[in-house]
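*Asks:* If it helps, the file is called run.txt and holds compact mmCIF, C-alpha atoms (C1' of nucleotides):
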# COMPACT_ATOMS: atom_id res chain seq x y z
CA MET A 167 107.05 72.73 109.88
CA SER A 168 108.50 71.03 112.86
CA LYS A 169 108.36 74.21 114.88
CA THR A 170 104.70 74.63 115.68
CA SER A 171 103.57 78.13 116.46
CA PRO A 172 100.51 78.67 118.64
CA PHE A 173 98.56 79.66 115.52
CA ALA A 174 99.57 76.66 113.46
CA ILE A 175 96.51 74.54 113.93
CA SER A 176 97.68 73.21 110.59
CA LEU A 177 96.40 75.15 107.66
CA GLU A 178 95.68 71.86 105.98
CA LYS A 179 93.08 71.17 108.61
CA THR A 180 91.64 74.64 108.19
CA CYS A 181 91.33 74.10 104.47
CA GLN A 182 89.63 70.78 104.96
CA ASP A 183 87.17 72.30 107.38
CA ARG A 184 86.23 74.84 104.76
CA GLY A 185 85.59 72.08 102.29
CA LEU A 186 88.53 72.94 100.06
CA ARG A 187 89.81 70.00 98.11
CA LEU A 188 93.23 69.05 99.31
CA THR A 189 95.28 68.27 96.26
CA ASP A 190 98.99 67.56 96.38
CA GLN A 191 99.84 70.98 95.03
CA ARG A 192 97.61 72.75 97.54
CA LYS A 193 99.19 70.83 100.38
CA ILE A 194 102.61 71.95 99.30
CA ILE A 195 101.63 75.58 98.85
CA VAL A 196 99.82 75.65 102.17
CA ARG A 197 102.79 74.11 103.89
CA LEU A 198 105.09 76.75 102.45
CA LEU A 199 102.76 79.51 103.50
CA GLU A 200 102.74 78.10 106.98
CA GLU A 201 106.32 79.21 107.30
CA THR A 202 105.11 82.79 107.32
CA ILE A 203 103.69 82.10 110.74
CA SER A 204 106.93 81.22 112.43
CA ASP A 205 109.08 83.46 110.27
CA VAL A 206 107.41 86.84 110.71
CA ALA A 207 109.75 88.49 108.23
CA PHE A 208 108.78 86.10 105.45
CA HIS A 209 106.20 87.52 103.10
CA PRO A 210 106.70 85.59 99.86
CA ASP A 211 105.43 86.64 96.47
CA VAL A 212 103.95 84.17 94.00
CA ASP A 213 107.25 83.55 92.35
CA GLU A 214 109.00 82.72 95.59
CA ILE A 215 106.25 80.31 96.52
CA TYR A 216 106.37 78.76 93.08
CA ASN A 217 110.14 78.33 93.10
CA ARG A 218 110.10 76.65 96.46
CA ALA A 219 107.19 74.51 95.45
CA ILE A 220 108.69 73.02 92.32
CA LYS A 221 111.71 71.96 94.34
CA ILE A 222 109.36 69.77 96.35
CA ASP A 223 107.28 68.59 93.43
CA LYS A 224 107.79 69.43 89.78
CA ARG A 225 104.15 68.85 88.92
CA ILE A 226 103.09 72.32 89.87
CA SER A 227 102.57 75.45 87.80
CA VAL A 228 102.57 79.17 88.50
CA ALA A 229 98.94 79.25 87.48
CA THR A 230 98.12 76.93 90.33
CA VAL A 231 100.03 79.04 92.77
CA TYR A 232 98.10 82.07 91.64
CA ARG A 233 94.82 80.22 91.85
CA THR A 234 95.54 78.77 95.26
CA VAL A 235 96.78 81.96 96.74
CA LYS A 236 93.67 83.74 95.49
CA LEU A 237 91.44 81.06 96.87
CA LEU A 238 93.08 81.18 100.27
CA GLU A 239 92.82 84.93 100.31
CA GLU A 240 89.12 84.85 99.54
CA GLN A 241 88.74 82.43 102.40
CA GLY A 242 90.49 84.86 104.66
CA ILE A 243 93.14 82.26 105.38
CA ILE A 244 95.98 84.35 104.06
CA GLU A 245 96.49 88.04 103.48
CA LYS A 246 97.71 89.88 100.45
CA HIS A 247 100.05 92.82 100.78
CA ASP A 248 101.40 95.29 98.33
CA PHE A 249 104.47 97.03 99.76
CA LYS A 250 105.16 99.22 96.74
CA ALA A 251 107.07 96.73 94.62
CA GLY A 252 104.79 95.78 91.80
CA LYS A 253 103.93 92.32 92.99
CA ALA A 254 101.77 90.97 95.75
CA ARG A 255 103.18 89.32 98.85
CA TYR A 256 101.36 86.93 101.12
CA GLU A 257 101.27 85.72 104.68
CA VAL A 258 98.98 83.62 106.81
CA SER A 259 96.30 85.62 108.58
CA THR A 260 96.78 85.70 112.29
CA LYS A 261 94.14 86.56 114.81
CA ASN A 262 95.78 89.75 115.88
CA HIS A 263 96.11 92.46 113.30
CA HIS A 264 99.60 93.78 112.88
CA ASP A 265 101.23 96.44 110.77
CA HIS A 266 104.44 96.44 108.79
CA LEU A 267 107.67 98.32 108.81
CA ILE A 268 109.60 97.96 105.57
CA ASP A 269 113.33 98.56 105.49
CA ILE A 270 113.66 100.50 102.24
CA ASN A 271 117.28 99.48 101.86
CA SER A 272 117.19 95.78 102.56
CA GLY A 273 113.55 95.09 101.82
CA GLU A 274 113.29 93.40 105.18
CA ILE A 275 109.83 93.39 106.68
CA ILE A 276 109.20 93.81 110.36
CA GLU A 277 105.82 93.19 111.88
CA PHE A 278 104.60 95.12 114.84
CA ILE A 279 101.49 95.49 116.90
CA ASP A 280 100.54 98.70 118.59
CA ASP A 281 97.25 98.84 120.43
CA GLU A 282 97.33 102.58 120.72
CA ILE A 283 97.44 102.97 116.95
CA GLU A 284 94.72 100.37 116.46
CA ASP A 285 92.41 102.31 118.73
CA LEU A 286 93.17 105.51 116.93
CA LYS A 287 92.27 103.97 113.59
CA LYS A 288 88.85 102.98 114.80
CA LYS A 289 88.33 106.31 116.44
CA ILE A 290 89.21 108.22 113.28
CA ALA A 291 86.92 106.13 111.11
CA LYS A 292 84.10 106.64 113.56
CA LYS A 293 84.67 110.37 113.71
CA LEU A 294 84.33 110.52 109.93
CA GLY A 295 81.10 108.56 110.06
CA TYR A 296 82.47 105.22 108.95
CA GLU A 297 82.93 101.76 110.27
CA LEU A 298 86.44 100.38 109.97
CA ILE A 299 86.48 97.20 107.91
CA ASP A 300 90.08 96.85 106.94
CA HIS A 301 93.16 98.96 107.18
CA ARG A 302 96.81 99.01 106.45
CA LEU A 303 99.65 100.91 107.91
CA GLU A 304 103.10 100.67 106.43
CA LEU A 305 106.16 102.45 107.65
CA TYR A 306 108.92 102.74 105.08
CA CYS A 307 112.10 103.31 107.02
CA LYS A 308 115.83 103.12 107.02
CA LYS A 309 118.01 101.79 109.77
CA LYS A 310 119.39 104.36 112.13
CA MET B 80 91.65 126.02 87.34
CA SER B 81 90.05 129.28 88.22
CA LYS B 82 89.72 128.37 91.88
CA THR B 83 93.17 128.87 93.32
CA SER B 84 93.96 126.93 96.46
CA PRO B 85 96.59 128.22 98.89
CA PHE B 86 98.96 125.50 97.67
CA ALA B 87 98.48 126.22 93.98
CA ILE B 88 101.57 128.26 93.35
CA SER B 89 100.96 126.91 89.88
CA LEU B 90 102.51 123.58 89.23
CA GLU B 91 103.64 124.90 85.89
CA LYS B 92 105.88 127.34 87.67
CA THR B 93 107.18 124.59 89.92
CA CYS B 94 108.05 122.48 86.89
CA GLN B 95 109.84 125.35 85.24
CA ASP B 96 111.84 126.01 88.35
CA ARG B 97 113.00 122.41 88.31
CA GLY B 98 114.13 122.82 84.75
CA LEU B 99 111.48 120.52 83.30
CA ARG B 100 110.65 121.26 79.72
CA LEU B 101 107.12 122.56 79.46
CA THR B 102 105.55 120.93 76.44
CA ASP B 103 101.91 121.36 75.56
CA GLN B 104 101.07 117.88 76.79
CA ARG B 105 102.82 118.42 80.10
CA LYS B 106 100.99 121.67 80.63
CA ILE B 107 97.68 119.91 80.16
CA ILE B 108 98.53 117.00 82.43
CA VAL B 109 99.85 119.28 85.12
CA ARG B 110 96.76 121.41 84.93
CA LEU B 111 94.55 118.38 85.35
CA LEU B 112 96.57 117.19 88.31
CA GLU B 113 96.20 120.58 89.87
CA GLU B 114 92.54 119.77 90.37
CA THR B 115 93.53 117.20 92.96
CA ILE B 116 94.52 120.10 95.17
CA SER B 117 91.12 121.72 95.37
CA ASP B 118 89.17 118.49 95.03
CA VAL B 119 90.58 116.38 97.84
CA ALA B 120 88.54 113.36 96.82
CA PHE B 121 90.01 113.31 93.33
CA HIS B 122 92.83 110.82 92.94
CA PRO B 123 92.88 110.02 89.22
CA ASP B 124 94.56 107.04 87.64
CA VAL B 125 96.48 107.28 84.40
CA ASP B 126 93.47 106.43 82.31
CA GLU B 127 91.35 109.11 83.88
CA ILE B 128 94.04 111.68 83.30
CA TYR B 129 94.47 110.50 79.74
CA ASN B 130 90.75 110.61 78.97
CA ARG B 131 90.41 114.12 80.28
CA ALA B 132 93.55 115.18 78.50
CA ILE B 133 92.54 114.06 75.01
CA LYS B 134 89.35 116.04 75.36
CA ILE B 135 91.49 119.14 75.66
CA ASP B 136 94.02 118.16 73.03
CA LYS B 137 93.97 115.06 70.87
CA ARG B 138 97.73 115.10 70.35
CA ILE B 139 98.47 113.24 73.50
CA SER B 140 99.13 109.58 74.18
CA VAL B 141 98.84 107.34 77.21
CA ALA B 142 102.56 106.78 77.02
CA THR B 143 103.12 110.45 77.62
CA VAL B 144 100.78 110.45 80.56
CA TYR B 145 102.69 107.55 82.07
CA ARG B 146 106.00 109.24 81.39
CA THR B 147 104.89 112.57 82.78
CA VAL B 148 103.31 111.15 85.86
CA LYS B 149 106.45 109.18 86.57
CA LEU B 150 108.62 112.21 86.07
CA LEU B 151 106.52 114.33 88.39
CA GLU B 152 106.57 111.63 90.99
CA GLU B 153 110.35 111.37 90.88
CA GLN B 154 110.45 115.10 91.38
CA GLY B 155 108.27 114.74 94.43
CA ILE B 156 105.70 117.00 92.82
CA ILE B 157 102.95 114.41 92.88
CA GLU B 158 102.34 111.28 94.89
CA LYS B 159 101.49 107.81 93.76
CA HIS B 160 98.97 105.71 95.67
CA ASP B 161 97.86 102.16 95.33
CA PHE B 162 94.55 101.65 97.16
CA LYS B 163 94.17 97.94 96.38
CA ALA B 164 92.72 98.28 92.90
CA GLY B 165 95.42 97.21 90.51
CA LYS B 166 96.25 100.61 89.17
CA ALA B 167 98.07 103.59 90.54
CA ARG B 168 96.33 106.81 91.48
CA TYR B 169 97.92 110.20 91.77
CA GLU B 170 97.57 113.51 93.55
CA VAL B 171 99.65 116.62 93.98
CA SER B 172 101.94 116.50 96.99
CA THR B 173 100.94 118.88 99.68
CA LYS B 174 103.13 120.08 102.46
CA ASN B 175 101.21 118.34 105.18
CA HIS B 176 101.11 114.59 105.09
CA HIS B 177 97.65 113.14 105.19
CA ASP B 178 96.18 109.68 105.21
CA HIS B 179 93.28 108.16 103.34
CA LEU B 180 89.98 106.62 104.18
CA ILE B 181 88.54 104.61 101.31
CA ASP B 182 84.83 103.89 101.15
CA ILE B 183 84.85 100.26 100.03
CA ASN B 184 81.37 100.56 98.59
CA SER B 185 81.56 103.75 96.60
CA GLY B 186 85.30 103.99 96.11
CA GLU B 187 85.19 107.51 97.44
CA ILE B 188 88.39 108.71 99.02
CA ILE B 189 88.49 110.92 102.06
CA GLU B 190 91.65 112.57 103.23
CA PHE B 191 92.36 113.20 106.84
CA ILE B 192 95.13 114.47 109.02
CA ASP B 193 95.67 113.29 112.54
CA ASP B 194 98.67 114.58 114.42
CA GLU B 195 98.35 112.01 117.13
CA ILE B 196 98.74 109.18 114.65
CA GLU B 197 101.63 110.93 112.92
CA ASP B 198 103.51 111.14 116.18
CA LEU B 199 102.81 107.52 116.91
CA LYS B 200 104.25 106.46 113.58
CA LYS B 201 107.52 108.19 114.27
CA LYS B 202 107.62 106.83 117.77
CA ILE B 203 107.08 103.28 116.62
CA ALA B 204 109.76 103.47 113.96
CA LYS B 205 112.17 104.88 116.49
CA LYS B 206 111.39 102.20 119.00
CA LEU B 207 112.23 99.58 116.40
CA GLY B 208 115.52 101.28 115.63
CA TYR B 209 114.50 102.94 112.40
CA GLU B 210 114.06 106.35 110.96
CA LEU B 211 110.71 106.99 109.34
CA ILE B 212 111.13 107.97 105.71
CA ASP B 213 107.72 107.39 104.27
CA HIS B 214 104.53 105.82 105.42
CA ARG B 215 101.02 105.10 104.41
CA LEU B 216 97.89 104.52 106.37
CA GLU B 217 94.72 103.53 104.66
CA LEU B 218 91.40 102.86 106.32
CA TYR B 219 89.02 100.78 104.26
CA CYS B 220 85.58 101.47 105.63
CA LYS B 221 81.91 101.40 104.98
CA LYS B 222 79.43 104.10 105.78
CA LYS B 223 77.60 103.72 109.04
C1' DA C 232 121.57 123.58 67.29
C1' DT C 233 120.87 119.95 70.32
C1' DA C 234 119.25 117.56 73.77
C1' DC C 235 114.90 116.40 75.44
C1' DT C 236 109.91 114.78 74.20
C1' DT C 237 106.39 112.53 71.85
C1' DG C 238 103.48 109.03 69.40
C1' DC C 239 103.07 104.57 68.03
C1' DA C 240 103.38 100.07 68.54
C1' DA C 241 105.81 96.45 70.41
C1' DA C 242 107.52 94.53 74.81
C1' DA C 243 107.44 93.48 79.44
C1' DG C 244 105.77 91.95 83.94
C1' DA C 245 102.07 90.32 86.82
C1' DT C 246 97.97 87.93 86.95
C1' DT C 247 93.90 85.59 84.85
C1' DT C 248 91.52 82.28 82.02
C1' DG C 249 89.81 78.66 78.43
C1' DC C 250 90.19 74.06 77.43
C1' DC C 251 90.52 69.42 78.39
C1' DG C 252 92.50 65.54 80.70
C1' DC C 253 92.87 63.97 85.54
C1' DA C 254 92.42 63.40 90.62
C1' DT C 255 89.69 63.91 94.81
C1' DG C 256 85.97 63.06 97.88
C1' DC D 5 81.39 58.59 89.43
C1' DA D 6 80.79 63.58 89.29
C1' DT D 7 82.57 67.74 90.20
C1' DG D 8 86.17 70.33 90.88
C1' DC D 9 91.33 71.01 89.99
C1' DG D 10 95.73 71.44 87.44
C1' DG D 11 98.76 72.15 83.40
C1' DC D 12 99.60 74.66 79.47
C1' DA D 13 99.50 78.39 76.69
C1' DA D 14 97.03 82.14 75.20
C1' DA D 15 94.85 86.32 76.87
C1' DT D 16 94.48 90.56 79.89
C1' DC D 17 95.84 94.50 82.20
C1' DT D 18 98.93 97.94 83.57
C1' DT D 19 103.13 100.03 82.72
C1' DT D 20 107.52 100.54 80.11
C1' DT D 21 110.38 101.21 76.11
C1' DG D 22 112.78 101.52 71.26
C1' DC D 23 112.68 104.24 67.43
C1' DA D 24 112.18 107.93 64.33
C1' DA D 25 110.30 112.45 64.06
C1' DG D 26 109.19 116.82 66.31
C1' DT D 27 110.00 120.72 69.64
C1' DA D 28 111.46 123.65 73.67
C1' DT D 29 115.16 126.35 75.20
Here is a file; write its structure as structure tokens.

*Replies:*
Amino acid sequence: MSKTSPFAISLEKTCQDRGLRLTDQRKIIVRLLEETISDVAFHPDVDEIYNRAIKIDKRISVATVYRTVKLLEEQGIIEKHDFKAGKARYEVSTKNHHDHLIDINSGEIIEFIDDEIEDLKKKIAKKLGYELIDHRLELYCKKK
Amino acid sequence: MSKTSPFAISLEKTCQDRGLRLTDQRKIIVRLLEETISDVAFHPDVDEIYNRAIKIDKRISVATVYRTVKLLEEQGIIEKHDFKAGKARYEVSTKNHHDHLIDINSGEIIEFIDDEIEDLKKKIAKKLGYELIDHRLELYCKKK
DNA sequence: ATACTTGCAAAAGATTTGCCGCATG
DNA sequence: CATGCGGCAAATCTTTTGCAAGTAT
């Protein structure tokens, strides 16, 4: 929160600009999600967000977290990931698309960007007669 | 069933070799899954398998489909996919790893293999100090 | 014979939703 | 003040599981 990343134009502001009502609970959730900008390895699931949230303000329910997270995703403000674990994980959308490497032992998530692979994705879609809209690449690895 | 693909060494045989008990219901499920070999666009979910199965033999339950599909996956005989739709989809494992292009309008799934991208994956993992164990690349596209 | 499988229905885990009082813009 | 939002609990959806009975090897 104090550490401002170049992307952190304040999600609260972004939400306001989109005309989303800024309730106390949304402010808290949005603030927590903001941490995923500076902490690239932090991809919380609903429960993690909820548990952190109630520590700040008890007047918040899981339902609200679910609703907020869904709303923000529809707005393209955050992204939903699945990482093979049964529950969804979220992070703030950044301008530059990145992929994920998941440490299958520790569960740690590492983000990476590789232009070469991004180009290839587009090229492959094109070759098959499609336009690339969205994509995901996940590398499940173990430490050497 | 009649059309034998080069990979179809008969899954039934494979199961036997692994010491899996071949019950009537397993035979049916396995036979249905075999179709994912010849029909590369066919990635059924549990319900689809179940619905086809009961047409062949009523004495089969969804629970068994879930149990069988899980068993086969643990054996590495089939693969589980998630494709952003809430439920898991399955296909028989083939020797050569391939990726998926999902038509976001029709839901159609296209498989493709690209050696260049496979190499890149390994290279990236290595660069980050990891060994690539598993990976998934999905391109969500729309027809041009 | 005996350990593994199955069906059924209940349970579990994640996510969604109806209702109604309440807060935001 | 009006519309949208939140809490709560019930409802959904997918997947798992306990139990008693049946079956493959």

*Asks:* Hey, could you make a per-residue contact list for chain A against chain D with 12 Å as the cut-off, showing the nearest pair of atoms and its distance in Å to one decimal, counting all atoms listed in the file, sorted by chain and number, as JSON lines?

*Replies:*
{"residue": "A:Gly185", "atom": "CA", "partner": "D:DG8", "partner_atom": "C1'", "distance": 11.6}
{"residue": "A:Leu186", "atom": "CA", "partner": "D:DG8", "partner_atom": "C1'", "distance": 9.8}
{"residue": "A:Arg187", "atom": "CA", "partner": "D:DG8", "partner_atom": "C1'", "distance": 8.1}
{"residue": "A:Leu188", "atom": "CA", "partner": "D:DC9", "partner_atom": "C1'", "distance": 9.7}
{"residue": "A:Thr189", "atom": "CA", "partner": "D:DC9", "partner_atom": "C1'", "distance": 7.9}
{"residue": "A:Asp190", "atom": "CA", "partner": "D:DG10", "partner_atom": "C1'", "distance": 10.3}
{"residue": "A:Gln191", "atom": "CA", "partner": "D:DG10", "partner_atom": "C1'", "distance": 8.6}
{"residue": "A:Arg192", "atom": "CA", "partner": "D:DC9", "partner_atom": "C1'", "distance": 10.0}
{"residue": "A:Lys224", "atom": "CA", "partner": "D:DG11", "partner_atom": "C1'", "distance": 11.4}
{"residue": "A:Arg225", "atom": "CA", "partner": "D:DG11", "partner_atom": "C1'", "distance": 8.4}
{"residue": "A:Ile226", "atom": "CA", "partner": "D:DG11", "partner_atom": "C1'", "distance": 7.8}
{"residue": "A:Ser227", "atom": "CA", "partner": "D:DG11", "partner_atom": "C1'", "distance": 6.7}
{"residue": "A:Val228", "atom": "CA", "partner": "D:DG11", "partner_atom": "C1'", "distance": 9.5}
{"residue": "A:Ala229", "atom": "CA", "partner": "D:DG11", "partner_atom": "C1'", "distance": 8.2}
{"residue": "A:Thr230", "atom": "CA", "partner": "D:DG10", "partner_atom": "C1'", "distance": 6.6}
{"residue": "A:Val231", "atom": "CA", "partner": "D:DG10", "partner_atom": "C1'", "distance": 10.2}
{"residue": "A:Tyr232", "atom": "CA", "partner": "D:DG10", "partner_atom": "C1'", "distance": 11.7}
{"residue": "A:Arg233", "atom": "CA", "partner": "D:DG10", "partner_atom": "C1'", "distance": 9.9}
{"residue": "A:Thr234", "atom": "CA", "partner": "D:DC9", "partner_atom": "C1'", "distance": 10.3}
{"residue": "A:Gly252", "atom": "CA", "partner": "D:DT19", "partner_atom": "C1'", "distance": 10.2}

*Asks:* Give me a file of those residues, with C-alpha atoms, as a short mmCIF file (atom, residue, chain, number, x, y, z; two decimals), in the frame of the given file.

*Replies:*
data_model
loop_
_atom_site.label_atom_id
_atom_site.label_comp_id
_atom_site.auth_asym_id
_atom_site.auth_seq_id
_atom_site.Cartn_x
_atom_site.Cartn_y
_atom_site.Cartn_z
CA GLY A 185 85.59 72.08 102.29
CA LEU A 186 88.53 72.94 100.06
CA ARG A 187 89.81 70.00 98.11
CA LEU A 188 93.23 69.05 99.31
CA THR A 189 95.28 68.27 96.26
CA ASP A 190 98.99 67.56 96.38
CA GLN A 191 99.84 70.98 95.03
CA ARG A 192 97.61 72.75 97.54
CA LYS A 224 107.79 69.43 89.78
CA ARG A 225 104.15 68.85 88.92
CA ILE A 226 103.09 72.32 89.87
CA SER A 227 102.57 75.45 87.80
CA VAL A 228 102.57 79.17 88.50
CA ALA A 229 98.94 79.25 87.48
CA THR A 230 98.12 76.93 90.33
CA VAL A 231 100.03 79.04 92.77
CA TYR A 232 98.10 82.07 91.64
CA ARG A 233 94.82 80.22 91.85
CA THR A 234 95.54 78.77 95.26
CA GLY A 252 104.79 95.78 91.80
#

*Asks:* Least-squares superpose chain B onto chain A - every C-alpha atom, paired in order - and show me the moved coordinates as a compact mmCIF listing (two decimals) with C-alpha atoms, in the frame of the given file.

*Replies:*
# COMPACT_ATOMS: atom_id res chain seq x y z
CA MET B 80 107.26 72.60 109.46
CA SER B 81 108.54 70.88 112.52
CA LYS B 82 108.41 74.04 114.61
CA THR B 83 104.77 74.46 115.51
CA SER B 84 103.67 77.96 116.37
CA PRO B 85 100.66 78.51 118.64
CA PHE B 86 98.64 79.57 115.59
CA ALA B 87 99.58 76.58 113.47
CA ILE B 88 96.50 74.49 113.96
CA SER B 89 97.65 73.17 110.61
CA LEU B 90 96.39 75.11 107.68
CA GLU B 91 95.66 71.82 105.99
CA LYS B 92 93.07 71.11 108.62
CA THR B 93 91.63 74.58 108.21
CA CYS B 94 91.30 74.05 104.47
CA GLN B 95 89.60 70.73 104.96
CA ASP B 96 87.15 72.24 107.38
CA ARG B 97 86.21 74.80 104.77
CA GLY B 98 85.56 72.04 102.30
CA LEU B 99 88.51 72.89 100.07
CA ARG B 100 89.78 69.98 98.09
CA LEU B 101 93.24 69.03 99.26
CA THR B 102 95.30 68.28 96.19
CA ASP B 103 98.99 67.56 96.35
CA GLN B 104 99.85 70.99 95.01
CA ARG B 105 97.63 72.74 97.54
CA LYS B 106 99.19 70.80 100.37
CA ILE B 107 102.62 71.95 99.30
CA ILE B 108 101.63 75.58 98.87
CA VAL B 109 99.83 75.64 102.17
CA ARG B 110 102.79 74.11 103.90
CA LEU B 111 105.09 76.74 102.47
CA LEU B 112 102.75 79.51 103.53
CA GLU B 113 102.71 78.08 107.00
CA GLU B 114 106.31 79.20 107.33
CA THR B 115 105.12 82.79 107.34
CA ILE B 116 103.67 82.09 110.76
CA SER B 117 106.92 81.21 112.47
CA ASP B 118 109.07 83.47 110.31
CA VAL B 119 107.41 86.84 110.73
CA ALA B 120 109.73 88.49 108.24
CA PHE B 121 108.76 86.09 105.47
CA HIS B 122 106.17 87.52 103.12
CA PRO B 123 106.67 85.59 99.87
CA ASP B 124 105.40 86.64 96.48
CA VAL B 125 103.93 84.17 94.03
CA ASP B 126 107.24 83.55 92.36
CA GLU B 127 108.97 82.74 95.60
CA ILE B 128 106.25 80.32 96.54
CA TYR B 129 106.38 78.76 93.10
CA ASN B 130 110.16 78.36 93.13
CA ARG B 131 110.12 76.67 96.49
CA ALA B 132 107.20 74.53 95.48
CA ILE B 133 108.74 73.05 92.33
CA LYS B 134 111.74 72.00 94.37
CA ILE B 135 109.41 69.81 96.38
CA ASP B 136 107.32 68.62 93.46
CA LYS B 137 107.84 69.45 89.81
CA ARG B 138 104.19 68.87 88.93
CA ILE B 139 103.13 72.33 89.86
CA SER B 140 102.59 75.45 87.80
CA VAL B 141 102.58 79.16 88.52
CA ALA B 142 98.96 79.25 87.49
CA THR B 143 98.12 76.92 90.32
CA VAL B 144 100.03 79.02 92.78
CA TYR B 145 98.10 82.08 91.66
CA ARG B 146 94.82 80.20 91.84
CA THR B 147 95.54 78.74 95.25
CA VAL B 148 96.76 81.95 96.75
CA LYS B 149 93.67 83.71 95.50
CA LEU B 150 91.42 81.03 96.88
CA LEU B 151 93.06 81.14 100.28
CA GLU B 152 92.80 84.88 100.34
CA GLU B 153 89.09 84.80 99.56
CA GLN B 154 88.72 82.39 102.42
CA GLY B 155 90.48 84.82 104.69
CA ILE B 156 93.11 82.21 105.41
CA ILE B 157 95.97 84.30 104.09
CA GLU B 158 96.47 87.99 103.52
CA LYS B 159 97.66 89.83 100.48
CA HIS B 160 100.00 92.80 100.80
CA ASP B 161 101.35 95.24 98.32
CA PHE B 162 104.40 97.03 99.76
CA LYS B 163 105.09 99.25 96.75
CA ALA B 164 106.98 96.73 94.65
CA GLY B 165 104.70 95.77 91.82
CA LYS B 166 103.87 92.31 93.03
CA ALA B 167 101.72 90.95 95.78
CA ARG B 168 103.13 89.30 98.87
CA TYR B 169 101.33 86.92 101.14
CA GLU B 170 101.25 85.70 104.72
CA VAL B 171 98.96 83.59 106.83
CA SER B 172 96.28 85.58 108.62
CA THR B 173 96.77 85.70 112.31
CA LYS B 174 94.15 86.57 114.83
CA ASN B 175 95.78 89.79 115.90
CA HIS B 176 96.10 92.50 113.32
CA HIS B 177 99.58 93.81 112.90
CA ASP B 178 101.23 96.45 110.79
CA HIS B 179 104.44 96.46 108.81
CA LEU B 180 107.67 98.34 108.84
CA ILE B 181 109.60 97.96 105.60
CA ASP B 182 113.33 98.57 105.52
CA ILE B 183 113.67 100.49 102.25
CA ASN B 184 117.29 99.48 101.90
CA SER B 185 117.20 95.78 102.58
CA GLY B 186 113.56 95.08 101.86
CA GLU B 187 113.29 93.39 105.21
CA ILE B 188 109.84 93.40 106.72
CA ILE B 189 109.20 93.82 110.41
CA GLU B 190 105.82 93.23 111.93
CA PHE B 191 104.59 95.16 114.87
CA ILE B 192 101.47 95.55 116.93
CA ASP B 193 100.52 98.76 118.61
CA ASP B 194 97.22 98.92 120.42
CA GLU B 195 97.31 102.66 120.70
CA ILE B 196 97.42 103.05 116.94
CA GLU B 197 94.71 100.45 116.47
CA ASP B 198 92.39 102.39 118.71
CA LEU B 199 93.18 105.59 116.90
CA LYS B 200 92.27 104.05 113.57
CA LYS B 201 88.85 103.07 114.78
CA LYS B 202 88.34 106.42 116.39
CA ILE B 203 89.23 108.29 113.24
CA ALA B 204 86.94 106.22 111.06
CA LYS B 205 84.13 106.76 113.51
CA LYS B 206 84.70 110.46 113.64
CA LEU B 207 84.38 110.60 109.87
CA GLY B 208 81.14 108.65 110.00
CA TYR B 209 82.50 105.31 108.91
CA GLU B 210 82.94 101.85 110.23
CA LEU B 211 86.44 100.46 109.95
CA ILE B 212 86.47 97.27 107.92
CA ASP B 213 90.07 96.90 106.96
CA HIS B 214 93.16 99.00 107.18
CA ARG B 215 96.81 99.03 106.45
CA LEU B 216 99.67 100.95 107.91
CA GLU B 217 103.09 100.69 106.45
CA LEU B 218 106.18 102.48 107.66
CA TYR B 219 108.94 102.74 105.09
CA CYS B 220 112.11 103.34 107.03
CA LYS B 221 115.83 103.14 107.02
CA LYS B 222 118.02 101.83 109.77
CA LYS B 223 119.41 104.40 112.13

*Asks:* Taking the point (97.1, 118.1, 92.6) as given in the file, collect each protein or nucleic acid residue that comes within 7 Å of it, counting only C-alpha atoms (C1' of nucleotides), and present the set as a list in words.

*Replies:* Leu112, Glu113, Glu114, Thr115, Ile116, Ile157, Glu170, Val171 and Ser172 of chain B

*Asks:* Hey, can you spit out that residue selection with C-alpha atoms as a compact mmCIF listing (two decimals), in the coordinates of the input?

*Replies:*
# COMPACT_ATOMS: atom_id res chain seq x y z
CA LEU B 112 96.57 117.19 88.31
CA GLU B 113 96.20 120.58 89.87
CA GLU B 114 92.54 119.77 90.37
CA THR B 115 93.53 117.20 92.96
CA ILE B 116 94.52 120.10 95.17
CA ILE B 157 102.95 114.41 92.88
CA GLU B 170 97.57 113.51 93.55
CA VAL B 171 99.65 116.62 93.98
CA SER B 172 101.94 116.50 96.99

*Asks:* Per residue of chain B within 10 Å of chain A, which atom pair is closest and at what distance in Å (one decimal), using all atoms listed in the file, listed by chain and increasing number, as CSV?

*Replies:*
residue,atom,partner,partner_atom,distance
B:Lys159,CA,A:Lys250,CA,9.8
B:His160,CA,A:Lys250,CA,9.0
B:Asp161,CA,A:Lys250,CA,8.0
B:Phe162,CA,A:Asp248,CA,9.4
B:Lys163,CA,A:Asp248,CA,7.9
B:Gly165,CA,A:Gly252,CA,9.6
B:Asp178,CA,A:Leu303,CA,9.8
B:His179,CA,A:His301,CA,10.0
B:Leu180,CA,A:Ala291,CA,7.6
B:Ile181,CA,A:His301,CA,9.4
B:Asp182,CA,A:Tyr296,CA,8.3
B:Ile183,CA,A:Ile299,CA,8.6
B:Ile189,CA,A:Leu294,CA,8.9
B:Phe191,CA,A:Ile290,CA,8.7
B:Ile192,CA,A:Ile290,CA,9.6
B:Asp193,CA,A:Ile290,CA,8.2
B:Glu195,CA,A:Leu286,CA,8.3
B:Ile196,CA,A:Ile283,CA,6.7
B:Glu197,CA,A:Ile283,CA,9.9
B:Leu199,CA,A:Ile283,CA,7.0
B:Lys200,CA,A:Leu305,CA,7.4
B:Lys201,CA,A:Leu305,CA,8.9
B:Ile203,CA,A:Asp280,CA,8.2
B:Ala204,CA,A:Cys307,CA,7.3
B:Lys205,CA,A:Lys310,CA,8.5
B:Leu207,CA,A:Ile276,CA,8.9
B:Gly208,CA,A:Lys310,CA,6.1
B:Tyr209,CA,A:Lys309,CA,4.5
B:Glu210,CA,A:Cys307,CA,5.3
B:Leu211,CA,A:Cys307,CA,4.6
B:Ile212,CA,A:Cys307,CA,4.9
B:Asp213,CA,A:Tyr306,CA,4.9
B:His214,CA,A:Leu305,CA,4.4
B:Arg215,CA,A:Glu304,CA,5.3
B:Leu216,CA,A:Leu303,CA,4.3
B:Glu217,CA,A:Arg302,CA,5.3
B:Leu218,CA,A:His301,CA,4.4
B:Tyr219,CA,A:Asp300,CA,4.9
B:Cys220,CA,A:Leu298,CA,4.6
B:Lys221,CA,A:Glu297,CA,5.4
B:Lys222,CA,A:Tyr296,CA,4.5
B:Lys223,CA,A:Tyr296,CA,5.1
